[in-house]
Amino acid sequence: MASVTDKGKEAPKRPAPLILWLATVAMLAACSNDDRAARRAAAGPSPDRAALLRVASVAAGERQFARCAACHAIRRDAPDRNGPTLFGVVGAPVAGVSPRFGYTAALQRVGGRWTPERLDAWLADPRAFAPGTSMGFPGLADPLDRADVIAYLQAQR
Ligand code: HEC
C-alpha cells in the first residue's frame, strides 16, 4: 500500500516540467523573431551598411530568400529558373554567376564583380542599379533584410 501512496504524492509534481518545457519553447520561438530588434540595437543608431552586415543573420536571410526562390535556386548545380542559380554569387562576375543564363545587356553592361556593397544597391532597387534589367523584383526596402539576404548568399559557396 505504501507504493500507492507514494505514487499519489508524486502525481502533482508532473505538470511543472511540462510548463517549464512549454515556457522554454515559447521563449525560443520569441527569440528567433524578436532577435531582429536586438540585432538592430546592436548595430547602433543609424547604422551604415558595414554595421548592418556585422549583425546580419544567415538564418534570417534564409527566411528572406523565400522571396527570391520563385525565380532563383541557390544550391550548387541546381538548374536556372526565371533567374540564374545564385550559388557562389558573392565575388562572382556581375551577369556571370551562372554561365549558361541569358542575361540582359543591361546587367552585362555593369561589369565587375558582386561585392556585398553592390548586392546591397542591387537588392534595394534592381531597376535603378541596372536600368532595363529583366529581374522583375521591386527590391527589399529594409536595409537589415538586405544585410540578412547578403549574409545568406555569402554562406552559399
Ligand atoms: C521575378 C523573378 C525574380 C525574383 C523574385 C528575384 N530575381 Fe534575382 N534575377 C532575376 C532575373 C530574371 C535575373 C537576371 C537579370 C538580368 O539579366 O537583367 C536576376 C538576377 C539576379 C542577380 C544577378 C546574378 C548575376 O549572375 O549577376 C542576383 C544577385 C539576384 N538576382 C538576386 C536576387 C535576390 C537575392 C532576390 C530576392 C531578394 C531576387 N534576386 C529576386 C529574377 C528574379
# chains A, B, ... in the order shown; residues from 1 in each chain; ligands from 1
call {"tool": "residues_near_ligand", "arguments": {"ligand": "ligand 1", "cutoff": "6 Å", "atoms": "only C-alpha atoms and all ligand atoms", "output": "PyMOL selection string"}}
result
chain A and resi 65+67-68+70-71+82-83+94-98+103-104+106-107+133-137
call {"tool": "residues_around", "arguments": {"residues": "region 116-121 of chain A", "least_positions_apart": "6", "cutoff": "8 Å", "atoms": "only C-alpha atoms", "output": "count of residues only"}}
result
7
call {"tool": "closest_residue", "arguments": {"among": "A:Arg100, A:Arg113, A:His72, A:Arg40", "to": "Phe87 (chain A)", "atoms": "only C-alpha atoms"}}
result
A:His72
call {"tool": "select_by_dssp", "arguments": {"residues": "region 31-105 of chain A", "states": "alpha helix (DSSP H)", "output": "ChimeraX atom specification"}}
result
/A:31-43,49-54,58-64,105
call {"tool": "write_last_selection", "arguments": {"atoms": "N, CA and C atoms", "output": "mmCIF file, in the first residue's frame"}}
result
data_model
loop_
_atom_site.group_PDB
_atom_site.id
_atom_site.type_symbol
_atom_site.label_atom_id
_atom_site.label_comp_id
_atom_site.auth_asym_id
_atom_site.auth_seq_id
_atom_site.Cartn_x
_atom_site.Cartn_y
_atom_site.Cartn_z
ATOM 1 N N CYS A 31 12.477 34.494 -29.344
ATOM 2 C CA CYS A 31 13.837 34.948 -29.638
ATOM 3 C C CYS A 31 14.090 34.981 -31.126
ATOM 4 N N SER A 32 13.700 33.911 -31.842
ATOM 5 C CA SER A 32 14.074 33.834 -33.247
ATOM 6 C C SER A 32 13.347 34.916 -34.049
ATOM 7 N N ASN A 33 12.198 35.399 -33.563
ATOM 8 C CA ASN A 33 11.544 36.505 -34.262
ATOM 9 C C ASN A 33 12.058 37.840 -33.757
ATOM 10 N N ASP A 34 12.191 37.938 -32.429
ATOM 11 C CA ASP A 34 12.492 39.230 -31.830
ATOM 12 C C ASP A 34 13.961 39.577 -31.886
ATOM 13 N N ASP A 35 14.813 38.656 -32.232
ATOM 14 C CA ASP A 35 16.225 38.983 -32.217
ATOM 15 C C ASP A 35 16.532 40.050 -33.270
ATOM 16 N N ARG A 36 15.586 40.319 -34.155
ATOM 17 C CA ARG A 36 15.712 41.457 -35.082
ATOM 18 C C ARG A 36 15.924 42.749 -34.317
ATOM 19 N N ALA A 37 15.068 42.955 -33.296
ATOM 20 C CA ALA A 37 15.149 44.190 -32.515
ATOM 21 C C ALA A 37 16.507 44.270 -31.817
ATOM 22 N N ALA A 38 16.941 43.140 -31.259
ATOM 23 C CA ALA A 38 18.234 43.112 -30.566
ATOM 24 C C ALA A 38 19.362 43.382 -31.558
ATOM 25 N N ARG A 39 19.245 42.800 -32.742
ATOM 26 C CA ARG A 39 20.309 42.984 -33.746
ATOM 27 C C ARG A 39 20.350 44.428 -34.230
ATOM 28 N N ARG A 40 19.157 44.996 -34.428
ATOM 29 C CA ARG A 40 19.096 46.417 -34.812
ATOM 30 C C ARG A 40 19.762 47.289 -33.757
ATOM 31 N N ALA A 41 19.462 46.994 -32.489
ATOM 32 C CA ALA A 41 20.036 47.777 -31.389
ATOM 33 C C ALA A 41 21.557 47.620 -31.377
ATOM 34 N N ALA A 42 22.018 46.377 -31.618
ATOM 35 C CA ALA A 42 23.458 46.106 -31.591
ATOM 36 C C ALA A 42 24.180 46.844 -32.719
ATOM 37 N N ALA A 43 23.470 47.115 -33.802
ATOM 38 C CA ALA A 43 24.096 47.810 -34.937
ATOM 39 C C ALA A 43 24.287 49.303 -34.651
ATOM 40 N N ARG A 49 26.015 50.354 -43.786
ATOM 41 C CA ARG A 49 25.912 49.009 -44.363
ATOM 42 C C ARG A 49 26.831 48.021 -43.633
ATOM 43 N N ALA A 50 28.047 48.467 -43.332
ATOM 44 C CA ALA A 50 29.021 47.576 -42.678
ATOM 45 C C ALA A 50 28.507 47.158 -41.293
ATOM 46 N N ALA A 51 27.904 48.106 -40.569
ATOM 47 C CA ALA A 51 27.382 47.796 -39.233
ATOM 48 C C ALA A 51 26.237 46.785 -39.334
ATOM 49 N N LEU A 52 25.391 46.942 -40.351
ATOM 50 C CA LEU A 52 24.276 46.009 -40.526
ATOM 51 C C LEU A 52 24.795 44.632 -40.922
ATOM 52 N N LEU A 53 25.826 44.600 -41.757
ATOM 53 C CA LEU A 53 26.374 43.298 -42.152
ATOM 54 C C LEU A 53 26.993 42.585 -40.955
ATOM 55 N N ARG A 54 27.519 43.363 -40.003
ATOM 56 C CA ARG A 54 28.096 42.740 -38.801
ATOM 57 C C ARG A 54 27.038 42.040 -37.954
ATOM 58 N N VAL A 58 22.394 34.743 -41.007
ATOM 59 C CA VAL A 58 22.238 33.812 -42.130
ATOM 60 C C VAL A 58 20.857 33.153 -42.080
ATOM 61 N N ALA A 59 20.402 32.798 -40.863
ATOM 62 C CA ALA A 59 19.103 32.125 -40.717
ATOM 63 C C ALA A 59 17.963 33.050 -41.141
ATOM 64 N N ALA A 60 18.054 34.316 -40.742
ATOM 65 C CA ALA A 60 17.019 35.282 -41.148
ATOM 66 C C ALA A 60 17.074 35.492 -42.657
ATOM 67 N N GLY A 61 18.301 35.502 -43.213
ATOM 68 C CA GLY A 61 18.460 35.658 -44.654
ATOM 69 C C GLY A 61 17.874 34.482 -45.414
ATOM 70 N N GLU A 62 17.995 33.307 -44.836
ATOM 71 C CA GLU A 62 17.418 32.124 -45.482
ATOM 72 C C GLU A 62 15.894 32.265 -45.545
ATOM 73 N N ARG A 63 15.303 32.804 -44.465
ATOM 74 C CA ARG A 63 13.847 33.027 -44.479
ATOM 75 C C ARG A 63 13.482 34.080 -45.525
ATOM 76 N N GLN A 64 14.273 35.150 -45.619
ATOM 77 C CA GLN A 64 14.018 36.191 -46.617
ATOM 78 C C GLN A 64 14.125 35.636 -48.033
ATOM 79 N N ALA A 105 21.487 42.739 -71.648
ATOM 80 C CA ALA A 105 22.621 43.636 -71.901
ATOM 81 C C ALA A 105 22.727 44.628 -70.748
#
call {"tool": "residues_around", "arguments": {"residues": "Gly139 (chain A)", "least_positions_apart": "4", "cutoff": "8 Å", "atoms": "only C-alpha atoms", "output": "ChimeraX atom specification"}}
result
/A:122-126
